[in-house]
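Below: structure-v6.pdb (PDB, N, CA and C atoms and all ligand atoms)
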ATOM      1  N   MET Z   1     125.700 130.430 121.866
ATOM      2  CA  MET Z   1     124.605 129.485 121.741
ATOM      3  C   MET Z   1     124.167 129.419 120.272
ATOM      4  N   THR Z   2     123.879 128.242 119.835
ATOM      5  CA  THR Z   2     123.424 128.042 118.460
ATOM      6  C   THR Z   2     121.911 128.194 118.407
ATOM      7  N   LYS Z   3     121.452 128.869 117.381
ATOM      8  CA  LYS Z   3     120.024 129.093 117.213
ATOM      9  C   LYS Z   3     119.603 128.558 115.843
ATOM     10  N   ILE Z   4     118.560 127.725 115.829
ATOM     11  CA  ILE Z   4     118.031 127.166 114.574
ATOM     12  C   ILE Z   4     116.608 127.657 114.407
ATOM     13  N   THR Z   5     116.357 128.316 113.285
ATOM     14  CA  THR Z   5     115.042 128.890 113.027
ATOM     15  C   THR Z   5     114.438 128.289 111.769
ATOM     16  N   PRO Z   6     113.307 127.579 111.882
ATOM     17  CA  PRO Z   6     112.622 127.121 110.678
ATOM     18  C   PRO Z   6     111.836 128.290 110.093
ATOM     19  N   TYR Z   7     112.271 128.759 108.914
ATOM     20  CA  TYR Z   7     111.564 129.876 108.298
ATOM     21  C   TYR Z   7     110.306 129.399 107.598
ATOM     22  N   ARG Z   8     109.237 130.180 107.747
ATOM     23  CA  ARG Z   8     107.977 129.819 107.099
ATOM     24  C   ARG Z   8     108.195 129.615 105.608
ATOM     25  N   ASP Z   9     107.780 128.472 105.134
ATOM     26  CA  ASP Z   9     107.872 128.118 103.707
ATOM     27  C   ASP Z   9     109.313 128.145 103.184
ATOM     28  N   GLY Z  10     110.270 127.975 104.081
ATOM     29  CA  GLY Z  10     111.666 128.057 103.671
ATOM     30  C   GLY Z  10     112.583 127.165 104.482
ATOM     31  N   PRO Z  11     113.862 127.514 104.475
ATOM     32  CA  PRO Z  11     114.875 126.649 105.091
ATOM     33  C   PRO Z  11     114.970 126.798 106.609
ATOM     34  N   TYR Z  12     115.845 125.979 107.175
ATOM     35  CA  TYR Z  12     116.266 126.156 108.566
ATOM     36  C   TYR Z  12     117.457 127.088 108.530
ATOM     37  N   LEU Z  13     117.403 128.178 109.263
ATOM     38  CA  LEU Z  13     118.561 129.048 109.397
ATOM     39  C   LEU Z  13     119.291 128.695 110.680
ATOM     40  N   VAL Z  14     120.574 128.417 110.541
ATOM     41  CA  VAL Z  14     121.395 128.033 111.692
ATOM     42  C   VAL Z  14     122.374 129.157 111.950
ATOM     43  N   ARG Z  15     122.325 129.687 113.178
ATOM     44  CA  ARG Z  15     123.216 130.793 113.565
ATOM     45  C   ARG Z  15     123.992 130.371 114.802
ATOM     46  N   GLY Z  16     125.248 130.753 114.849
ATOM     47  CA  GLY Z  16     126.038 130.475 116.041
ATOM     48  C   GLY Z  16     127.072 129.403 115.776
ATOM     49  N   PRO Z  17     127.854 129.076 116.796
ATOM     50  CA  PRO Z  17     128.897 128.076 116.592
ATOM     51  C   PRO Z  17     128.292 126.687 116.419
ATOM     52  N   PHE Z  18     128.657 126.016 115.335
ATOM     53  CA  PHE Z  18     128.176 124.657 115.095
ATOM     54  C   PHE Z  18     129.119 123.962 114.135
ATOM     55  N   THR Z  19     129.036 122.663 114.120
ATOM     56  CA  THR Z  19     129.768 121.844 113.157
ATOM     57  C   THR Z  19     128.736 121.029 112.417
ATOM     58  N   LEU Z  20     128.813 121.045 111.099
ATOM     59  CA  LEU Z  20     127.881 120.293 110.266
ATOM     60  C   LEU Z  20     128.596 119.036 109.780
ATOM     61  N   VAL Z  21     127.991 117.892 110.022
ATOM     62  CA  VAL Z  21     128.594 116.624 109.598
ATOM     63  C   VAL Z  21     127.563 115.795 108.855
ATOM     64  N   ASP Z  22     128.061 114.883 108.003
ATOM     65  CA  ASP Z  22     127.143 113.960 107.340
ATOM     66  C   ASP Z  22     126.862 112.792 108.281
ATOM     67  N   GLN Z  23     126.076 111.821 107.835
ATOM     68  CA  GLN Z  23     125.681 110.739 108.734
ATOM     69  C   GLN Z  23     126.847 109.840 109.127
ATOM     70  N   ASP Z  24     127.956 109.952 108.421
ATOM     71  CA  ASP Z  24     129.136 109.174 108.782
ATOM     72  C   ASP Z  24     130.096 109.964 109.665
ATOM     73  N   GLY Z  25     129.709 111.167 110.000
ATOM     74  CA  GLY Z  25     130.540 111.986 110.865
ATOM     75  C   GLY Z  25     131.565 112.831 110.135
ATOM     76  N   ASN Z  26     131.539 112.809 108.802
ATOM     77  CA  ASN Z  26     132.469 113.632 108.026
ATOM     78  C   ASN Z  26     131.994 115.080 108.022
ATOM     79  N   GLU Z  27     132.898 115.966 108.324
ATOM     80  CA  GLU Z  27     132.520 117.371 108.408
ATOM     81  C   GLU Z  27     132.191 117.938 107.031
ATOM     82  N   ILE Z  28     131.136 118.703 106.971
ATOM     83  CA  ILE Z  28     130.738 119.418 105.768
ATOM     84  C   ILE Z  28     131.161 120.867 105.960
ATOM     85  N   GLU Z  29     131.990 121.352 105.046
ATOM     86  CA  GLU Z  29     132.543 122.687 105.190
ATOM     87  C   GLU Z  29     131.445 123.748 105.133
ATOM     88  N   VAL Z  30     131.489 124.626 106.086
ATOM     89  CA  VAL Z  30     130.545 125.739 106.147
ATOM     90  C   VAL Z  30     131.359 127.018 106.051
ATOM     91  N   ARG Z  31     131.020 127.844 105.080
ATOM     92  CA  ARG Z  31     131.830 129.049 104.851
ATOM     93  C   ARG Z  31     131.203 130.316 105.395
ATOM     94  N   ARG Z  32     130.055 130.151 106.060
ATOM     95  CA  ARG Z  32     129.370 131.342 106.572
ATOM     96  C   ARG Z  32     129.015 131.140 108.041
ATOM     97  N   ARG Z  33     128.785 132.262 108.720
ATOM     98  CA  ARG Z  33     128.356 132.173 110.122
ATOM     99  C   ARG Z  33     126.894 131.799 110.223
ATOM    100  N   VAL Z  34     126.102 132.190 109.251
ATOM    101  CA  VAL Z  34     124.677 131.833 109.205
ATOM    102  C   VAL Z  34     124.466 130.960 107.970
ATOM    103  N   VAL Z  35     123.883 129.808 108.192
ATOM    104  CA  VAL Z  35     123.708 128.850 107.100
ATOM    105  C   VAL Z  35     122.234 128.502 106.963
ATOM    106  N   ALA Z  36     121.762 128.383 105.721
ATOM    107  CA  ALA Z  36     120.390 127.965 105.445
ATOM    108  C   ALA Z  36     120.420 126.499 105.005
ATOM    109  N   LEU Z  37     119.770 125.652 105.776
ATOM    110  CA  LEU Z  37     119.698 124.230 105.451
ATOM    111  C   LEU Z  37     118.340 123.922 104.828
ATOM    112  N   CYS Z  38     118.384 123.194 103.737
ATOM    113  CA  CYS Z  38     117.156 122.854 103.001
ATOM    114  C   CYS Z  38     116.239 121.994 103.854
ATOM    115  N   ARG Z  39     114.972 122.317 103.862
ATOM    116  CA  ARG Z  39     113.997 121.431 104.500
ATOM    117  C   ARG Z  39     112.896 121.036 103.525
ATOM    118  N   CYS Z  40     112.979 121.523 102.267
ATOM    119  CA  CYS Z  40     111.993 121.095 101.272
ATOM    120  C   CYS Z  40     112.452 119.832 100.551
ATOM    121  N   GLY Z  41     113.739 119.536 100.620
ATOM    122  CA  GLY Z  41     114.274 118.330  99.994
ATOM    123  C   GLY Z  41     114.568 118.464  98.514
ATOM    124  N   ARG Z  42     114.422 119.632  97.930
ATOM    125  CA  ARG Z  42     114.588 119.781  96.479
ATOM    126  C   ARG Z  42     115.813 120.590  96.069
ATOM    127  N   SER Z  43     116.583 121.059  97.025
ATOM    128  CA  SER Z  43     117.781 121.832  96.685
ATOM    129  C   SER Z  43     118.752 120.980  95.892
ATOM    130  N   GLN Z  44     119.449 121.604  94.964
ATOM    131  CA  GLN Z  44     120.481 120.917  94.196
ATOM    132  C   GLN Z  44     121.827 120.979  94.913
ATOM    133  N   MET Z  45     121.882 121.649  96.044
ATOM    134  CA  MET Z  45     123.138 121.717  96.806
ATOM    135  C   MET Z  45     122.909 121.333  98.261
ATOM    136  N   ARG Z  46     122.054 120.312  98.471
ATOM    137  CA  ARG Z  46     121.792 119.814  99.820
ATOM    138  C   ARG Z  46     123.109 119.443 100.509
ATOM    139  N   PRO Z  47     123.202 119.690 101.773
ATOM    140  CA  PRO Z  47     122.117 120.038 102.681
ATOM    141  C   PRO Z  47     121.780 121.520 102.715
ATOM    142  N   PHE Z  48     122.417 122.304 101.848
ATOM    143  CA  PHE Z  48     122.162 123.739 101.891
ATOM    144  C   PHE Z  48     120.972 124.117 101.011
ATOM    145  N   CYS Z  49     120.316 125.178 101.382
ATOM    146  CA  CYS Z  49     119.195 125.707 100.604
ATOM    147  C   CYS Z  49     119.744 126.468  99.398
ATOM    148  N   ASP Z  50     119.128 126.256  98.235
ATOM    149  CA  ASP Z  50     119.528 127.015  97.047
ATOM    150  C   ASP Z  50     118.387 127.889  96.521
ATOM    151  N   GLY Z  51     117.325 128.005  97.292
ATOM    152  CA  GLY Z  51     116.199 128.852  96.897
ATOM    153  C   GLY Z  51     115.109 128.118  96.133
ATOM    154  N   THR Z  52     115.312 126.855  95.825
ATOM    155  CA  THR Z  52     114.327 126.093  95.056
ATOM    156  C   THR Z  52     112.975 126.034  95.764
ATOM    157  N   HIS Z  53     112.963 126.125  97.075
ATOM    158  CA  HIS Z  53     111.695 126.048  97.828
ATOM    159  C   HIS Z  53     110.685 127.075  97.307
ATOM    160  N   LYS Z  54     111.171 128.229  96.857
ATOM    161  CA  LYS Z  54     110.253 129.249  96.335
ATOM    162  C   LYS Z  54     109.639 128.800  95.017
ATOM    163  N   ALA Z  55     110.466 128.242  94.145
ATOM    164  CA  ALA Z  55     109.997 127.824  92.816
ATOM    165  C   ALA Z  55     108.976 126.692  92.894
ATOM    166  N   ILE Z  56     109.105 125.825  93.899
ATOM    167  CA  ILE Z  56     108.192 124.675  94.001
ATOM    168  C   ILE Z  56     107.000 124.958  94.906
ATOM    169  N   GLY Z  57     106.968 126.151  95.514
ATOM    170  CA  GLY Z  57     105.844 126.499  96.375
ATOM    171  C   GLY Z  57     105.816 125.710  97.675
ATOM    172  N   PHE Z  58     107.013 125.392  98.184
ATOM    173  CA  PHE Z  58     107.100 124.658  99.449
ATOM    174  C   PHE Z  58     106.373 125.423 100.551
ATOM    175  N   GLN Z  59     105.588 124.687 101.333
ATOM    176  CA  GLN Z  59     104.861 125.315 102.437
ATOM    177  C   GLN Z  59     105.096 124.546 103.720
ATOM    178  N   ALA Z  60     105.465 125.280 104.737
ATOM    179  CA  ALA Z  60     105.636 124.708 106.068
ATOM    180  C   ALA Z  60     105.583 125.859 107.062
ATOM    181  N   PRO Z  61     104.974 125.645 108.198
ATOM    182  CA  PRO Z  61     104.915 126.709 109.192
ATOM    183  C   PRO Z  61     106.272 126.944 109.836
ATOM    184  N   SER Z  62     106.412 128.091 110.456
ATOM    185  CA  SER Z  62     107.646 128.373 111.177
ATOM    186  C   SER Z  62     107.624 127.726 112.547
ATOM    187  N   GLY Z  63     106.471 127.740 113.173
ATOM    188  CA  GLY Z  63     106.359 127.216 114.526
ATOM    189  C   GLY Z  63     106.111 125.727 114.554
ATOM    190  N   ALA Z  64     106.003 125.226 115.759
ATOM    191  CA  ALA Z  64     105.719 123.808 115.956
ATOM    192  C   ALA Z  64     104.270 123.525 115.582
ATOM    193  N   PRO Z  65     103.972 122.309 115.117
ATOM    194  CA  PRO Z  65     102.587 121.979 114.792
ATOM    195  C   PRO Z  65     101.744 121.954 116.067
ATOM    196  N   ALA Z  66     100.455 122.196 115.866
ATOM    197  CA  ALA Z  66      99.546 122.148 117.002
ATOM    198  C   ALA Z  66      99.512 120.730 117.545
ATOM    199  N   PRO Z  67      99.373 120.574 118.854
ATOM    200  CA  PRO Z  67      99.311 119.220 119.413
ATOM    201  C   PRO Z  67      98.075 118.487 118.901
ATOM    202  N   LEU Z  68      98.212 117.197 118.675
ATOM    203  CA  LEU Z  68      97.087 116.400 118.207
ATOM    204  C   LEU Z  68      96.055 116.243 119.315
ATOM    205  N   THR Z  69      94.809 116.276 118.927
ATOM    206  CA  THR Z  69      93.741 116.027 119.885
ATOM    207  C   THR Z  69      93.349 114.556 119.805
ATOM    208  N   ALA Z  70      92.584 114.093 120.766
ATOM    209  CA  ALA Z  70      92.131 112.708 120.756
ATOM    210  C   ALA Z  70      91.299 112.451 119.504
ATOM    211  N   ALA Z  71      90.478 113.429 119.062
ATOM    212  CA  ALA Z  71      89.648 113.255 117.867
ATOM    213  C   ALA Z  71      90.532 113.133 116.627
ATOM    214  N   ALA Z  72      91.574 113.946 116.540
ATOM    215  CA  ALA Z  72      92.471 113.871 115.395
ATOM    216  C   ALA Z  72      93.210 112.548 115.396
ATOM    217  N   ASP Z  73      93.592 112.063 116.580
ATOM    218  CA  ASP Z  73      94.269 110.765 116.675
ATOM    219  C   ASP Z  73      93.362 109.669 116.129
ATOM    220  N   ALA Z  74      92.064 109.721 116.475
ATOM    221  CA  ALA Z  74      91.125 108.690 116.039
ATOM    222  C   ALA Z  74      90.940 108.725 114.529
ATOM    223  N   GLU Z  75      90.898 109.927 113.953
ATOM    224  CA  GLU Z  75      90.733 110.051 112.499
ATOM    225  C   GLU Z  75      91.921 109.493 111.746
ATOM    226  N   GLU Z  76      93.131 109.616 112.318
ATOM    227  CA  GLU Z  76      94.329 109.145 111.644
ATOM    228  C   GLU Z  76      94.603 107.672 111.882
ATOM    229  N   ALA Z  77      93.913 107.064 112.833
ATOM    230  CA  ALA Z  77      94.135 105.653 113.134
ATOM    231  C   ALA Z  77      93.586 104.788 112.013
ATOM    232  N   PRO Z  78      94.230 103.643 111.734
ATOM    233  CA  PRO Z  78      93.698 102.741 110.723
ATOM    234  C   PRO Z  78      92.335 102.209 111.150
ATOM    235  N   PRO Z  79      91.460 101.848 110.186
ATOM    236  CA  PRO Z  79      90.096 101.424 110.508
ATOM    237  C   PRO Z  79      90.032 100.335 111.564
ATOM    238  N   GLU Z  80      90.926  99.363 111.504
ATOM    239  CA  GLU Z  80      90.855  98.283 112.476
ATOM    240  C   GLU Z  80      91.107  98.775 113.889
ATOM    241  N   ALA Z  81      91.880  99.846 114.049
ATOM    242  CA  ALA Z  81      92.139 100.391 115.373
ATOM    243  C   ALA Z  81      90.941 101.206 115.883
ATOM    244  N   ARG Z  82      90.149 101.761 114.931
ATOM    245  CA  ARG Z  82      89.005 102.585 115.340
ATOM    246  C   ARG Z  82      87.865 101.720 115.863
ATOM    247  N   ASP Z  83      87.750 100.499 115.402
ATOM    248  CA  ASP Z  83      86.619  99.644 115.790
ATOM    249  C   ASP Z  83      86.749  99.127 117.207
ATOM    250  N   SER Z  84      87.937  99.117 117.746
ATOM    251  CA  SER Z  84      88.094  98.543 119.076
ATOM    252  C   SER Z  84      87.778  99.513 120.163
TER
HETATM  253  S1  LIG Q 101     114.399 124.888 101.687
HETATM  254 FE1  LIG Q 101     115.319 126.111 100.193
HETATM  255  S2  LIG Q 101     115.745 124.788  98.583
HETATM  256 FE2  LIG Q 101     114.871 123.516 100.075
END
Transcribe the structure of this file into structure tokens.
Ligand code: FES
Amino acid sequence: MTKITPYRDGPYLVRGPFTLVDQDGNEIEVRRRVVALCRCGRSQMRPFCDGTHKAIGFQAPSGAPAPLTAAADAEEAPPEARDS
């Protein structure tokens, strides 16, 4: 089974059997059993992580975001949607 772990303030670690392909379906060679995929968008070797996330102070939680509440939904709605 493949396991993908979003590391706090870091990359996605992918463990297990998987095939990595680009959006056209071309396989991207993976030379390791565990691969770190960039999620900060600043790596110079995307889609792989090169550690740049540390230098730029990338922040992201490891877990899923908290579910939105109705109050949070209203705050994020555009003004015209709030008036109705
Ligand atoms: S997550 Fe490591 S360089 Fe982007």
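Across the structure, atom N of Arg39 in chain Z and atom N of Thr69 in chain Z are spaced 25.9 Å apart.
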Run through the PyMOL selection byres (((chain Z and resi 63) around 7) and not hetatm) on the given coordinates and return the selected residues as a list in words.
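Matching residues under the PyMOL selection byres (((chain Z and resi 63) around 7) and not hetatm) are Pro6, Tyr7, Arg8, Ala60, Pro61, Ser62, Ala64, Pro65 and Ala66 of chain Z.
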So how far away is CA of Gly51 in chain Z from atom C of Cys38 in chain Z, in Å?
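Atom-to-atom, atom C of Cys38 in chain Z to CA of Gly51 in chain Z, that is 9.8 Å.
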To one decimal in Å, tell me the separation between CA of His53 in chain Z and CA of Leu37 in chain Z.
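It comes out at 11.2 Å.
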Please identify every polymer residue within 8 Å of ligand LIG 101 (chain Q), using only N, CA and C atoms and all ligand atoms, and present the set as a PyMOL selection string.
chain Z and resi 9-12+36-55+58
Alpha helix (DSSP H) positions in chain Z, given as a list in words:
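So the alpha helix (DSSP H) residues in chain Z would be Thr52, His53, Lys54, Ala55, Ile56, Ala70, Ala71, Ala72, Asp73, Ala74, Glu75, Glu76, Pro79, Glu80, Ala81 and Arg82 of chain Z.
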Selected residue, from Z:Ala70, Z:Leu13, Z:Met1, Z:Leu20, that lies nearest to Val34 in chain Z when counting only N, CA and C atoms:
Z:Leu13
To verify the selection step, state as number ranges by chain which residues the PyMOL selection byres (((chain Z and resi 16) around 7) and not hetatm) yields on this input.
Z: 1-3, 14-15, 17-18, 33-35
DSSP-assigned strand (DSSP E or B) members of chain Z, reported as number ranges by chain:
Z: 3-6, 12-15, 21, 27, 34-37, 48
